[in-house]
Amino acid sequence: MLPGDHQKFEQQHTPTFFARGLSPLTRLAFFTSLSLALMITDSHLQYLNNVRERLMALLYPLQVVANAPYSLYRATDEYFSTHHRLLRENETLRTKNLQQQVVLQKLGALTLENATLRNLLQLNQSLAENSVIGEILHVGRDPFSKKIVVNRGTNHRIVAGAAVVDAAGVIGQVTRVFPSTSEVTLITDKTLAIPIQIERNGLRTIAFGHGRDGTIDLPYLPANVDVRRGDKLVTSGIDSVYPIGLAIASVSDIKVTPNSPFARIVCQPIGRVEYNRQVLLVSQPPPPADMPVVSDEIAEGESATVKSAQALPEKKALPKTTHPRSARPTHG
Amino acid sequence: MAKSSLYSVYLTIMVAFLCILLPWSGYGLKLRPDFVLLLLIFWMLRAPHLCNIGTAWFVGLWMDLATGGVFGQYALAYTITAFIAIMYQRRLALFNATQQLLYVLMLLVIAQLILLILKTFSGVEVDGWSFFLPSITGVMLWQLAVALGLKTSVHSRT
């Protein structure tokens with residue numbers, strides 16, 4: 001009798017995890033400091049990246065469930081698409097294919113020519129990039145930043161930093177990779193900068209996303225810079241993140257105000273940043289150890305070509321594996 | 001009145017979290033109410049012994065994960081909002097329906113304000129007043145739930 005009573009008494013007073021023991025103020029202080037510590041750790045140190053990856057893997061099934069209604073809708077929509085529409089689509093695709101085949105034939109010849117020329121100049125071969133096609137799972141849930149989530153991740157050998165491209169041009173860059181998804185920051189996001197070149201005159205600069213209205217800025221250019229409306233911006237490839245020559249944006253407006261030494265240049269992205277579902281993730285292979293040699297050779301390009309005009313026969317005779325640096329003295 | 005158990009608390013919050021995970025875009029994203037916070041407030045007003053500041057913090061962490069931001073932002077915002085909600089939880093019995101609604105609106109706006117401050121520190125721009133639209137839609141959703149017969153508080157029987 002007594003033990004039973006005792007047990008009852010104890011049961012009533014067993015503190016549970018969320019008992020009303022601690023005052024709200026204590027809890028507030030505890031959890032606030034915990035959050036602040038987490039924020040500082042996450043933004044300044046790299047410890048939490050692994051944890052985030054693991055947790056994202058846990059979240060993935062939930063994501064699939066949440067996406068299920070929409071994908072079901074799309075699947076049914078596709079299933080019931082009319083015969084006529086399919087035929088028409090087929091027609092346009094066939095025409096497009098034909099047009100692109102012609103361009104591709106030229107491209108083959110050009111690639112070959114380029115390779116030969118590079119060989120002649122003993123430049124490093126431009127590296128073939130590998131690309132994976134991915135589908136956008138959803139746009140970022142944070143209305144503050146312009147991000148999308150794509151259904152390809154480390155399982156598909158995506159690395160952080162890969163360029164994300166659609167049919168028309170660059171739309172962003174992979175900023176975080178998880179096992180089966182990856183987070184892409186769009187080029188219109190404020191935090192993303194891309195080294196670019198203006199196609200018309202080869203001017204190199206850096207483009208920044210504007211953040212709010214889906215445009216791209218070219219800051220730090222003087223008021224008298226040679227940029228015109230309609231100029232096309234392409235990737236310069238200098239950072240060895242983006243392949244060379246991908247279209248990014250076209251200049252839509254140039255404002256010069258007397259009170260600023262800089263021109264305000266607004267560009268519209270060419271890629272359909274907010275529309276497509278399929279994107280291509282293009283990752284550059286890591287640059288080889290002798291990468292700096294390339295820029296060296298290019299800087300020397302003018303004089304080197306003159307010299308190599310005579311030196312060509314000997315250079316051709318050199319074994320293919322010769323390191324450019326070691327080959328230098330022969331024409332120095 | 002349906003009984004509130006720990007199980008039902010977590011199950012409903014899970015469903016709200018799934019609603020956040022739905023593929024929102026465009027205007028939908030701008031108008032999307034914070035389902036998770038709404039449910040947290042609901043449970044904190046109704047069953048504070050089951051859903052407290054700790055729960056809010058934990059759920060906030062998952063929101064941080066889902067939105068892809070820095071860890072701790074949503075957690076901090078939810079923690080502070082939960083604190084205010086808990087502090088005034090007992091006084092809620094004295095509130096009439098309109099006052100209750102304003103109270104919920106205030107909580108939602110506070111959560112958004114904290115998030116705004118934290119995000120501004122990390123250098124993000126916000127496009128004007130439309131930023132607070134989720135609070136408005138959230139309170140509308142709350143009103144809808146009340147109109148459909150949801151008892152929002154243990155005490156209020158008016």
# chains A, B, ... in the order shown; residues from 1 in each chain; ligands from 1
>>> interface_residues(of="chain A", to="chain B", cutoff="9 Å", atoms="only C-alpha atoms", output="PyMOL selection string")
chain A and resi 18-20+24-25+27-28+31-43+48+52+55-56+59+62-63+65-70+137-145+183+190-191+211-213
>>> select_by_dssp(residues="stretch 36-264 of chain A", states="strand (DSSP E or B)", output="MDAnalysis selection string")
chainID A and resid 130:139 147:150 163:165 170:177 182:186 193:198 204:209 216:217 222 232:235 247:255 262 264
>>> atom_distance(atom1="atom CA of B:Ser5", atom2="atom CA of B:Trp43")
10.3 Å
>>> residues_around(residues="A:Ile194", least_positions_apart="2", cutoff="9 Å", atoms="only C-alpha atoms", output="list in words")
Ile187, Leu192, Ile196, Thr205, Ile206, Ala207, Phe208, Gly209, Thr235, Ser236, Asp239 and Tyr242 of chain A
>>> residues_around(residues="stretch 101-107 of chain B", least_positions_apart="2", cutoff="7 Å", atoms="only C-alpha atoms", output="mmCIF file with N, CA and C atoms, in the first residue's frame")
data_model
loop_
_atom_site.group_PDB
_atom_site.id
_atom_site.type_symbol
_atom_site.label_atom_id
_atom_site.label_comp_id
_atom_site.auth_asym_id
_atom_site.auth_seq_id
_atom_site.Cartn_x
_atom_site.Cartn_y
_atom_site.Cartn_z
ATOM 1 N N THR B 81 9.269 34.818 -30.824
ATOM 2 C CA THR B 81 7.820 34.870 -31.003
ATOM 3 C C THR B 81 7.129 33.951 -30.003
ATOM 4 N N ALA B 97 -12.768 38.091 -29.853
ATOM 5 C CA ALA B 97 -12.303 37.491 -31.111
ATOM 6 C C ALA B 97 -11.397 38.439 -31.887
ATOM 7 N N THR B 98 -11.783 39.725 -31.979
ATOM 8 C CA THR B 98 -10.991 40.684 -32.745
ATOM 9 C C THR B 98 -9.622 40.884 -32.115
ATOM 10 N N GLN B 99 -9.609 41.003 -30.793
ATOM 11 C CA GLN B 99 -8.342 41.215 -30.102
ATOM 12 C C GLN B 99 -7.417 40.017 -30.288
ATOM 13 N N VAL B 109 3.852 39.303 -37.356
ATOM 14 C CA VAL B 109 4.676 40.430 -37.800
ATOM 15 C C VAL B 109 5.990 40.465 -37.032
ATOM 16 N N ILE B 110 5.931 40.158 -35.754
ATOM 17 C CA ILE B 110 7.175 40.151 -34.959
ATOM 18 C C ILE B 110 8.156 39.122 -35.521
ATOM 19 N N ALA B 111 7.645 37.942 -35.823
ATOM 20 C CA ALA B 111 8.519 36.898 -36.381
ATOM 21 C C ALA B 111 9.157 37.386 -37.677
ATOM 22 N N SER B 135 2.125 37.743 -43.432
ATOM 23 C CA SER B 135 1.460 37.923 -42.146
ATOM 24 C C SER B 135 -0.034 38.140 -42.348
ATOM 25 N N VAL B 139 -2.960 35.652 -41.051
ATOM 26 C CA VAL B 139 -4.024 35.982 -40.127
ATOM 27 C C VAL B 139 -5.396 35.703 -40.761
#
>>> atom_distance(atom1="atom CA of A:Glu135", atom2="atom CA of A:Arg277")
5.6 Å
>>> select_by_dssp(residues="chain B", states="helix (DSSP H, G or I)", output="ChimeraX atom specification")
/B:6-21,27-31,35-46,53-67,73-87,90-94,97-121,128-147
>>> residues_around(residues="stretch 198-204 of chain A", least_positions_apart="4", cutoff="7 Å", atoms="only C-alpha atoms", output="PyMOL selection string")
chain A and resi 231-234
>>> atom_distance(atom1="atom CA of A:Val279", atom2="atom CA of A:His210")
21.8 Å
>>> decode(residues="stretch 136-151 of chain B", atoms="all heavy atoms", output="mmCIF file, in the first residue's frame")
data_model
loop_
_atom_site.group_PDB
_atom_site.id
_atom_site.type_symbol
_atom_site.label_atom_id
_atom_site.label_comp_id
_atom_site.auth_asym_id
_atom_site.auth_seq_id
_atom_site.Cartn_x
_atom_site.Cartn_y
_atom_site.Cartn_z
ATOM 1 N N ILE B 136 -0.369 38.923 -43.365
ATOM 2 C CA ILE B 136 -1.784 39.211 -43.637
ATOM 3 C C ILE B 136 -2.502 37.930 -44.046
ATOM 4 O O ILE B 136 -3.562 37.588 -43.497
ATOM 5 C CB ILE B 136 -1.906 40.280 -44.752
ATOM 6 C CG1 ILE B 136 -1.053 41.508 -44.435
ATOM 7 C CG2 ILE B 136 -3.361 40.653 -44.974
ATOM 8 C CD1 ILE B 136 -1.535 42.328 -43.280
ATOM 9 N N THR B 137 -1.900 37.205 -44.986
ATOM 10 C CA THR B 137 -2.547 35.957 -45.422
ATOM 11 C C THR B 137 -2.611 34.965 -44.268
ATOM 12 O O THR B 137 -3.568 34.213 -44.143
ATOM 13 C CB THR B 137 -1.794 35.326 -46.604
ATOM 14 O OG1 THR B 137 -0.416 35.268 -46.280
ATOM 15 C CG2 THR B 137 -1.997 36.105 -47.886
ATOM 16 N N GLY B 138 -1.582 35.015 -43.427
ATOM 17 C CA GLY B 138 -1.558 34.111 -42.280
ATOM 18 C C GLY B 138 -2.719 34.370 -41.341
ATOM 19 O O GLY B 138 -3.407 33.437 -40.902
ATOM 20 N N VAL B 139 -2.960 35.652 -41.051
ATOM 21 C CA VAL B 139 -4.024 35.982 -40.127
ATOM 22 C C VAL B 139 -5.396 35.703 -40.761
ATOM 23 O O VAL B 139 -6.360 35.346 -40.080
ATOM 24 C CB VAL B 139 -3.856 37.441 -39.625
ATOM 25 C CG1 VAL B 139 -4.573 38.423 -40.494
ATOM 26 C CG2 VAL B 139 -4.297 37.548 -38.184
ATOM 27 N N MET B 140 -5.450 35.817 -42.097
ATOM 28 C CA MET B 140 -6.696 35.466 -42.792
ATOM 29 C C MET B 140 -6.968 33.970 -42.659
ATOM 30 O O MET B 140 -8.115 33.545 -42.445
ATOM 31 C CB MET B 140 -6.614 35.868 -44.268
ATOM 32 C CG MET B 140 -6.877 37.353 -44.487
ATOM 33 S SD MET B 140 -6.192 37.943 -46.026
ATOM 34 C CE MET B 140 -7.382 37.357 -47.182
ATOM 35 N N LEU B 141 -5.896 33.209 -42.787
ATOM 36 C CA LEU B 141 -6.025 31.754 -42.645
ATOM 37 C C LEU B 141 -6.500 31.407 -41.236
ATOM 38 O O LEU B 141 -7.354 30.531 -41.029
ATOM 39 C CB LEU B 141 -4.683 31.103 -42.932
ATOM 40 C CG LEU B 141 -4.669 29.592 -43.126
ATOM 41 C CD1 LEU B 141 -5.395 29.229 -44.397
ATOM 42 C CD2 LEU B 141 -3.254 29.071 -43.169
ATOM 43 N N TRP B 142 -5.957 32.113 -40.263
ATOM 44 C CA TRP B 142 -6.334 31.921 -38.860
ATOM 45 C C TRP B 142 -7.825 32.194 -38.688
ATOM 46 O O TRP B 142 -8.559 31.417 -38.067
ATOM 47 C CB TRP B 142 -5.511 32.870 -37.989
ATOM 48 C CG TRP B 142 -5.780 32.755 -36.530
ATOM 49 C CD1 TRP B 142 -6.832 33.313 -35.852
ATOM 50 C CD2 TRP B 142 -5.021 32.032 -35.571
ATOM 51 N NE1 TRP B 142 -6.762 32.992 -34.539
ATOM 52 C CE2 TRP B 142 -5.654 32.209 -34.327
ATOM 53 C CE3 TRP B 142 -3.853 31.259 -35.638
ATOM 54 C CZ2 TRP B 142 -5.176 31.640 -33.162
ATOM 55 C CZ3 TRP B 142 -3.374 30.703 -34.472
ATOM 56 C CH2 TRP B 142 -4.025 30.884 -33.256
ATOM 57 N N GLN B 143 -8.265 33.322 -39.262
ATOM 58 C CA GLN B 143 -9.666 33.704 -39.144
ATOM 59 C C GLN B 143 -10.564 32.645 -39.780
ATOM 60 O O GLN B 143 -11.620 32.302 -39.257
ATOM 61 C CB GLN B 143 -9.878 35.069 -39.803
ATOM 62 C CG GLN B 143 -11.280 35.620 -39.704
ATOM 63 C CD GLN B 143 -11.755 35.671 -38.256
ATOM 64 O OE1 GLN B 143 -10.993 35.963 -37.343
ATOM 65 N NE2 GLN B 143 -13.031 35.365 -38.042
ATOM 66 N N LEU B 144 -10.088 32.134 -40.929
ATOM 67 C CA LEU B 144 -10.846 31.090 -41.630
ATOM 68 C C LEU B 144 -11.002 29.865 -40.737
ATOM 69 O O LEU B 144 -12.090 29.294 -40.605
ATOM 70 C CB LEU B 144 -10.114 30.717 -42.919
ATOM 71 C CG LEU B 144 -10.828 29.723 -43.834
ATOM 72 C CD1 LEU B 144 -12.007 30.393 -44.514
ATOM 73 C CD2 LEU B 144 -9.871 29.147 -44.847
ATOM 74 N N ALA B 145 -9.889 29.504 -40.090
ATOM 75 C CA ALA B 145 -9.915 28.333 -39.202
ATOM 76 C C ALA B 145 -10.874 28.562 -38.041
ATOM 77 O O ALA B 145 -11.635 27.665 -37.656
ATOM 78 C CB ALA B 145 -8.502 28.049 -38.686
ATOM 79 N N VAL B 146 -10.853 29.783 -37.487
ATOM 80 C CA VAL B 146 -11.748 30.101 -36.377
ATOM 81 C C VAL B 146 -13.199 30.051 -36.853
ATOM 82 O O VAL B 146 -14.080 29.507 -36.171
ATOM 83 C CB VAL B 146 -11.400 31.490 -35.794
ATOM 84 C CG1 VAL B 146 -12.472 31.942 -34.806
ATOM 85 C CG2 VAL B 146 -10.054 31.443 -35.098
ATOM 86 N N ALA B 147 -13.434 30.597 -38.042
ATOM 87 C CA ALA B 147 -14.794 30.621 -38.575
ATOM 88 C C ALA B 147 -15.303 29.202 -38.822
ATOM 89 O O ALA B 147 -16.495 28.924 -38.721
ATOM 90 C CB ALA B 147 -14.829 31.426 -39.865
ATOM 91 N N LEU B 148 -14.382 28.288 -39.130
ATOM 92 C CA LEU B 148 -14.775 26.901 -39.379
ATOM 93 C C LEU B 148 -14.951 26.139 -38.070
ATOM 94 O O LEU B 148 -15.209 24.946 -38.079
ATOM 95 C CB LEU B 148 -13.732 26.203 -40.250
ATOM 96 C CG LEU B 148 -13.701 26.657 -41.705
ATOM 97 C CD1 LEU B 148 -12.589 25.945 -42.460
ATOM 98 C CD2 LEU B 148 -15.032 26.386 -42.381
ATOM 99 N N GLY B 149 -14.776 26.827 -36.947
ATOM 100 C CA GLY B 149 -15.097 26.204 -35.666
ATOM 101 C C GLY B 149 -13.918 25.689 -34.885
ATOM 102 O O GLY B 149 -14.076 24.869 -33.997
ATOM 103 N N LEU B 150 -12.718 26.160 -35.206
ATOM 104 C CA LEU B 150 -11.543 25.728 -34.455
ATOM 105 C C LEU B 150 -11.470 26.528 -33.155
ATOM 106 O O LEU B 150 -11.519 27.747 -33.164
ATOM 107 C CB LEU B 150 -10.291 25.981 -35.292
ATOM 108 C CG LEU B 150 -9.042 25.256 -34.877
ATOM 109 C CD1 LEU B 150 -9.142 23.789 -35.182
ATOM 110 C CD2 LEU B 150 -7.852 25.846 -35.607
ATOM 111 N N LYS B 151 -11.350 25.815 -32.036
ATOM 112 C CA LYS B 151 -11.214 26.510 -30.751
ATOM 113 C C LYS B 151 -9.746 26.870 -30.574
ATOM 114 O O LYS B 151 -8.899 25.986 -30.482
ATOM 115 C CB LYS B 151 -11.674 25.609 -29.604
ATOM 116 C CG LYS B 151 -13.115 25.181 -29.702
ATOM 117 C CD LYS B 151 -14.032 26.294 -29.239
ATOM 118 C CE LYS B 151 -15.455 25.807 -29.161
ATOM 119 N NZ LYS B 151 -15.950 25.233 -30.437
#
